[in-house]
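Engineer: So here's work06.cif, just mmCIF, C-alpha atoms:
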data_protein
#
loop_
_atom_site.label_atom_id
_atom_site.label_comp_id
_atom_site.auth_asym_id
_atom_site.auth_seq_id
_atom_site.Cartn_x
_atom_site.Cartn_y
_atom_site.Cartn_z
CA LEU A 1 38.80 168.56 61.10
CA PRO A 2 38.09 168.28 64.85
CA GLY A 3 40.43 170.46 66.86
CA GLN A 4 40.87 173.72 68.70
CA SER A 5 41.04 175.82 65.56
CA ALA A 6 37.68 174.53 64.29
CA THR A 7 36.16 175.27 67.69
CA MET A 8 37.61 178.77 67.65
CA GLN A 9 36.19 179.49 64.19
CA TRP A 10 32.74 178.35 65.35
CA ALA A 11 32.99 180.56 68.45
CA TYR A 12 34.24 183.50 66.38
CA ALA A 13 31.25 183.21 64.02
CA ALA A 14 28.93 183.09 67.04
CA VAL A 15 30.53 186.25 68.47
CA GLU A 16 30.10 188.08 65.17
CA GLU A 17 26.43 187.05 65.00
CA ARG A 18 25.92 188.20 68.59
CA LEU A 19 27.51 191.58 67.88
CA ARG A 20 25.29 192.08 64.85
CA GLY A 21 22.27 191.24 66.97
CA LEU A 22 23.30 193.89 69.48
CA GLY A 23 23.81 196.44 66.73
CA LEU A 24 27.55 196.70 67.39
CA PRO A 25 29.25 196.37 63.99
CA ARG A 26 32.41 198.26 64.99
CA GLY A 27 35.39 196.07 65.79
CA ALA A 28 37.82 198.75 66.99
CA GLY A 29 38.41 198.53 70.72
CA VAL A 30 37.17 194.93 70.97
CA LEU A 31 39.57 192.11 71.91
CA VAL A 32 38.82 188.43 71.41
CA HIS A 33 40.36 186.42 74.25
CA VAL A 34 41.40 182.81 73.62
CA ALA A 35 42.17 180.39 76.44
CA ASP A 36 42.28 176.67 77.15
CA GLY A 37 39.66 175.34 79.51
CA ASN A 38 42.20 174.65 82.27
CA VAL A 39 43.64 178.17 82.37
CA VAL A 40 43.51 180.23 85.56
CA PHE A 41 43.73 183.97 84.93
CA HIS A 42 45.53 186.40 87.21
CA LYS A 43 43.12 188.86 88.83
CA ASP A 44 44.74 191.70 86.86
CA HIS A 45 44.94 189.81 83.56
CA PHE A 46 42.26 191.68 81.62
CA ALA A 47 43.36 195.05 82.99
CA ALA A 48 46.94 194.30 81.88
CA VAL A 49 45.82 193.29 78.39
CA ALA A 50 43.70 196.44 78.10
CA HIS A 51 46.67 198.53 79.25
CA GLY A 52 48.90 196.89 76.63
CA TYR A 53 46.29 197.54 73.97
CA LEU A 54 45.96 201.23 74.85
CA ASP A 55 49.73 201.61 75.19
CA ASN A 56 50.13 201.06 71.43
CA ASP A 57 49.34 203.69 68.83
CA ALA A 58 46.03 203.58 66.96
CA ILE A 59 47.38 201.40 64.14
CA ALA A 60 49.64 199.05 66.09
CA ARG A 61 47.02 198.23 68.72
CA GLU A 62 44.77 196.73 66.03
CA GLU A 63 47.60 194.69 64.44
CA ARG A 64 49.23 192.97 67.40
CA ILE A 65 48.39 189.85 69.40
CA TYR A 66 48.49 190.23 73.19
CA GLN A 67 50.34 187.34 74.80
CA PRO A 68 50.51 186.81 78.58
CA PHE A 69 53.19 184.80 80.35
CA VAL A 70 51.71 181.26 80.47
CA VAL A 71 53.14 179.01 83.19
CA PRO A 72 52.14 175.30 83.33
CA LEU A 73 52.07 175.03 87.11
CA SER A 74 48.55 173.82 87.93
CA HIS A 75 48.62 170.36 89.61
CA TYR A 76 52.35 170.94 90.14
CA ASN A 77 52.49 169.18 93.53
CA ASP A 78 50.48 166.24 92.21
CA SER A 79 52.79 165.66 89.23
CA PRO A 80 55.83 163.36 89.10
CA PHE A 81 59.31 164.80 89.40
CA GLY A 82 60.07 164.63 85.68
CA LEU A 83 57.02 166.69 84.73
CA ARG A 84 57.83 169.25 87.43
CA CYS A 85 61.25 169.78 85.88
CA LEU A 86 59.63 170.07 82.46
CA ALA A 87 57.17 172.65 83.80
CA VAL A 88 59.93 174.83 85.25
CA ALA A 89 61.97 174.59 82.03
CA THR A 90 58.91 175.44 79.92
CA ALA A 91 58.04 178.45 82.07
CA THR A 92 61.62 179.74 81.89
CA TYR A 93 61.76 179.28 78.13
CA ARG A 94 58.44 181.04 77.56
CA LEU A 95 59.42 184.01 79.67
CA GLY A 96 62.71 184.31 77.78
CA VAL A 97 60.98 184.14 74.38
CA LEU A 98 58.41 186.70 75.48
CA ARG A 99 61.16 189.02 76.70
CA ARG A 100 63.30 188.88 73.55
CA GLY A 101 60.34 189.26 71.19
CA ALA A 102 57.93 186.42 70.50
CA HIS A 103 56.48 185.88 67.01
CA LEU A 104 54.04 183.05 67.77
CA ALA A 105 51.10 182.96 70.16
CA CYS A 106 50.93 180.29 72.83
CA GLU A 107 47.87 178.72 74.50
CA THR A 108 46.27 181.91 75.83
CA TYR A 109 46.19 185.19 73.91
CA ALA A 110 43.98 188.09 72.80
CA VAL A 111 43.40 189.24 69.22
CA PRO A 112 41.75 192.54 68.18
CA LEU A 113 38.40 191.86 66.54
CA ASP A 114 39.35 194.02 63.55
CA LEU A 115 42.43 191.85 62.99
CA CYS A 116 40.28 188.71 63.22
CA ARG A 117 38.10 190.13 60.48
CA ARG A 118 41.07 191.03 58.29
CA VAL A 119 42.41 187.47 58.35
CA GLY A 120 39.01 185.78 58.18
CA GLY A 121 39.13 184.28 61.66
CA TRP A 122 40.62 180.88 62.44
CA ASP A 123 41.17 178.18 59.82
CA PRO A 124 39.02 175.17 60.78
CA ASP A 125 41.18 172.67 58.88
CA VAL A 126 44.23 172.86 61.17
CA GLN A 127 44.84 171.46 64.64
CA SER A 128 46.87 174.25 66.21
CA ASN A 129 44.95 177.48 66.67
CA ASP A 130 47.55 179.67 68.37
CA SER A 131 50.65 179.44 66.16
CA HIS A 132 48.60 179.23 62.95
CA MET A 133 46.60 182.34 63.85
CA ALA A 134 49.81 184.19 64.68
CA VAL A 135 51.27 183.30 61.27
CA LYS A 136 48.06 184.41 59.52
CA CYS A 137 48.18 187.76 61.30
CA PHE A 138 51.88 188.21 60.56
CA MET A 139 51.37 187.49 56.87
CA THR A 140 48.62 190.13 56.82
CA THR A 141 50.24 192.93 58.81
CA HIS A 142 53.99 192.21 58.17
CA ARG A 143 54.78 193.74 61.54
CA GLN A 144 58.27 193.26 62.96
CA ASP A 145 56.71 193.12 66.43
CA PRO A 146 53.52 191.07 65.98
CA ILE A 147 53.28 189.97 69.62
CA HIS A 148 52.76 192.42 72.48
CA PRO A 149 54.04 190.79 75.70
CA VAL A 150 51.82 190.96 78.78
CA TYR A 151 53.94 190.26 81.84
CA ILE A 152 51.13 188.85 83.95
CA PRO A 153 51.32 185.13 84.78
CA THR A 154 48.53 182.93 83.46
CA LYS A 155 48.48 179.46 84.98
CA SER A 156 47.85 176.43 82.78
CA ALA A 157 47.72 172.79 83.80
CA LEU A 158 50.35 170.11 83.64
CA PRO A 159 49.24 166.89 81.89
CA THR A 160 47.28 164.59 84.16
CA ALA A 161 47.22 160.81 84.06
CA GLU A 162 44.53 159.29 81.85
CA GLY A 163 44.81 155.90 83.51
CA PRO A 164 46.61 153.92 86.22
CA GLY A 165 50.32 153.32 86.24
CA MET A 166 53.54 155.15 86.97
CA PHE A 167 54.05 156.30 83.40
CA ALA A 168 50.50 157.44 82.70
CA PRO A 169 51.29 161.15 83.34
CA TYR A 170 54.26 160.94 80.98
CA GLU A 171 52.09 159.33 78.31
CA ALA A 172 49.61 162.20 78.65
CA ALA A 173 52.48 164.69 78.34
CA TYR A 174 53.73 162.92 75.22
CA LYS A 175 50.29 163.09 73.59
CA GLY A 176 50.08 166.81 74.35
CA ALA A 177 53.55 167.44 72.94
CA ARG A 178 52.72 165.41 69.83
CA ALA A 179 49.63 167.54 69.21
CA GLN A 180 51.61 170.76 69.64
CA ALA A 181 54.31 169.47 67.29
CA GLN A 182 51.78 169.63 64.45
CA ALA A 183 52.38 173.38 64.47
CA VAL A 184 55.50 172.68 62.40
CA SER A 185 53.14 172.53 59.43
CA ASP A 186 52.78 176.29 59.82
CA LEU A 187 56.29 176.63 58.40
CA ALA A 188 55.04 175.32 55.04
CA TYR A 189 51.95 177.52 55.32
CA HIS A 190 54.20 180.51 55.98
CA MET A 191 56.32 179.76 52.91
CA VAL A 192 53.28 179.36 50.64
CA MET A 193 51.60 182.53 51.90
CA GLY A 194 54.87 184.40 51.44
CA THR A 195 54.52 183.96 47.69
CA ARG A 196 51.11 185.65 47.60
CA GLY A 197 49.99 189.21 48.06
CA PRO A 198 52.25 192.06 49.24
CA GLN A 199 55.76 190.86 49.86
CA ALA A 200 57.57 191.42 53.14
CA PRO A 201 61.38 191.56 53.25
CA MET A 202 62.99 188.12 53.55
CA SER A 203 64.73 189.23 56.74
CA LEU A 204 61.33 189.80 58.29
CA HIS A 205 60.18 186.30 57.35
CA LEU A 206 63.33 184.78 58.83
CA ALA A 207 63.00 186.83 62.00
CA SER A 208 59.50 185.50 62.56
CA TRP A 209 61.00 182.01 62.94
#
As a first step, turn the structure in this file into structure tokens.
Structural biologist:
Amino acid sequence: LPGQSATMQWAYAAVEERLRGLGLPRGAGVLVHVADGNVVFHKDHFAAVAHGYLDNDAIAREERIYQPFVVPLSHYNDSPFGLRCLAVATATYRLGVLRRGAHLACETYAVPLDLCRRVGGWDPDVQSNDSHMAVKCFMTTHRQDPIHPVYIPTKSALPTAEGPGMFAPYEAAYKGARAQAQAVSDLAYHMVMGTRGPQAPMSLHLASW
């Protein structure tokens, strides 16, 4: 199925092959960074992620996903008023979710290589790579705090017009939102996976949503 998750699984397999070629089988201490092509990293992004990784204990650091604060503010001045308001609301919401304890990854994140190996990488038959990967990791580790917040802004792009016309930017935004809405299928995946393997308390499953 064409999509980001299939691309991520291909890239993950390529990374593993490259590591074997270099004679580096160990995964501990290695983070796999995932980002959309339009993302602009803060100059201290990787240092902040590394700090967050080392700030956890030896077990937790290999079981958590490292999520920066993603703000959709690229092309802000070139976007219509409605999309500017949407960008500000989205940024505010994401910061609030990150502050109170996020359970799903969003757009740009880093996953320990050992955790990638434990869950078998990304599933190529789903569209959404971020939320689905977060659910896979949660169902494997059963951590109450699966996401480690990284309070460094990472800039992503607002939807850009794919054609002429006043409503073209809004149409592009709608298509993007429709693609992201497919992540709701992860709820069913979560419920099915919850019936297999070691069981986590129901309160923990509910808290993850």
Engineer: Tell me which residues the PyMOL selection byres ((chain A and resi 124) around 10) grabs here, as a list in words.
Structural biologist: Leu1, Pro2, Gly3, Gln4, Ser5, Ala6, Thr7, Met8, Gln9, Trp10, Gly121, Trp122, Asp123, Asp125, Val126, Gln127, Ser128 and Asn129 of chain A
Engineer: Please write as JSON, numbers by chain the full residue list that the PyMOL selection byres ((chain A and resi 63) around 10) yields on this file.
Structural biologist: {"A": [56, 58, 59, 60, 61, 62, 64, 65, 66, 111, 112, 113, 114, 115, 116, 118, 137, 138, 140, 141, 142, 143, 145, 146, 147, 148]}
Engineer: What do you get, as a list in words, if you spell out every residue that the PyMOL selection byres ((chain A and resi 100) around 12) selects here?
Structural biologist: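 Answer for the PyMOL selection byres ((chain A and resi 100) around 12): Tyr93, Arg94, Leu95, Gly96, Val97, Leu98, Arg99, Gly101, Ala102, His103, Asp145, Ile147, His148, Pro149 and Ala207 of chain A.
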Engineer: For atom CA of A:Leu86 and atom CA of A:Phe167, determine how far apart the two atoms are, in Å to one decimal place.
Structural biologist: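 Between atom CA of A:Leu86 and atom CA of A:Phe167 the gap is 14.9 Å.
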Engineer: Quick one, how far is atom CA of A:Ala50 from atom CA of A:Leu73?
Structural biologist: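 Spanning atom CA of A:Ala50 to atom CA of A:Leu73 is a straight-line distance of 24.7 Å.
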Engineer: What is the distance, in Å and to one decimal place, between atom CA of A:Lys155 and atom CA of A:His45?
Structural biologist: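 Computing the Euclidean distance for atom CA of A:Lys155 and atom CA of A:His45 yields 11.0 Å.
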Engineer: Which of these, A:Leu158, A:Val49, A:Leu22, A:Val70, has the shortest distance to A:Thr92 once you count all atoms listed in the file?
Structural biologist: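 Using all atoms listed in the file, the shortest distance to A:Thr92 belongs to A:Val70.
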Engineer: What residues have an atom no more than 8 Å from (45.9, 177.5, 73.6) in the file's own frame, counting all atoms listed in the file, and can you write them as a PyMOL selection string?
Structural biologist: chain A and resi 4+34-36+106-109+129-130
Engineer: Go through A:Gly176, A:Pro169, A:Gly120, A:Pro164 and flag the residue nearest A:Ala13, using only C-alpha atoms for the distances.
Structural biologist: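 Nearest candidate to A:Ala13 out of A:Gly176, A:Pro169, A:Gly120, A:Pro164: A:Gly120.
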Engineer: Go through A:Gly29, A:Asp78, A:Glu17, A:Glu171 one by one, measure the shortest atom-to-atom distance of each to A:Leu54 using all atoms listed in the file, and give the residue with the smallest value.
Structural biologist: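 Nearest to A:Leu54: A:Gly29.
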Engineer: Which neighbours of A:Lys43 fall inside 10 Å, counting all atoms listed in the file, when residues of the same chain fewer than 4 positions from it are skipped, and could you give them as a list of chain:residue names?
Structural biologist: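 Neighbouring residues, sequence-local ones excluded: A:Ala47, A:Ala48, A:Ile152, A:Pro153, A:Thr154.
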Engineer: So that I have them on file, write out the residues from the current selection with C-alpha atoms, as a PDB file, in the coordinates of the input.
Structural biologist:
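As a result, result19.pdb now contains:
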ATOM      1  CA  ALA A  47      43.360 195.050  82.990  1.00  0.00           C
ATOM      2  CA  ALA A  48      46.940 194.300  81.880  1.00  0.00           C
ATOM      3  CA  ILE A 152      51.130 188.850  83.950  1.00  0.00           C
ATOM      4  CA  PRO A 153      51.320 185.130  84.780  1.00  0.00           C
ATOM      5  CA  THR A 154      48.530 182.930  83.460  1.00  0.00           C
TER       6      THR A 154
END
Engineer: Check which residues of stretch 99-173 of chain A sit at most 12 Å from stretch 79-82 of chain A using all atoms listed in the file, and return one row each with the closest pair of atoms and their distance in Å to one decimal, ordered by chain and rising number, as CSV.
Structural biologist:
residue,atom,partner,partner_atom,distance
A:Ala157,CA,A:Ser79,CA,10.3
A:Leu158,CA,A:Ser79,CA,7.6
A:Pro159,CA,A:Ser79,CA,8.2
A:Thr160,CA,A:Ser79,CA,7.6
A:Ala161,CA,A:Ser79,CA,9.0
A:Gly165,CA,A:Pro80,CA,11.8
A:Met166,CA,A:Pro80,CA,8.8
A:Phe167,CA,A:Pro80,CA,9.2
A:Ala168,CA,A:Pro80,CA,10.2
A:Pro169,CA,A:Ser79,CA,7.6
A:Tyr170,CA,A:Gly82,CA,8.3
A:Ala172,CA,A:Ser79,CA,11.6
A:Ala173,CA,A:Gly82,CA,10.6
Engineer: Please produce a file of those selected residues containing C-alpha atoms, as a compact mmCIF listing (two decimals), in the coordinates of the input.
Structural biologist:
# COMPACT_ATOMS: atom_id res chain seq x y z
CA ALA A 157 47.72 172.79 83.80
CA LEU A 158 50.35 170.11 83.64
CA PRO A 159 49.24 166.89 81.89
CA THR A 160 47.28 164.59 84.16
CA ALA A 161 47.22 160.81 84.06
CA GLY A 165 50.32 153.32 86.24
CA MET A 166 53.54 155.15 86.97
CA PHE A 167 54.05 156.30 83.40
CA ALA A 168 50.50 157.44 82.70
CA PRO A 169 51.29 161.15 83.34
CA TYR A 170 54.26 160.94 80.98
CA ALA A 172 49.61 162.20 78.65
CA ALA A 173 52.48 164.69 78.34
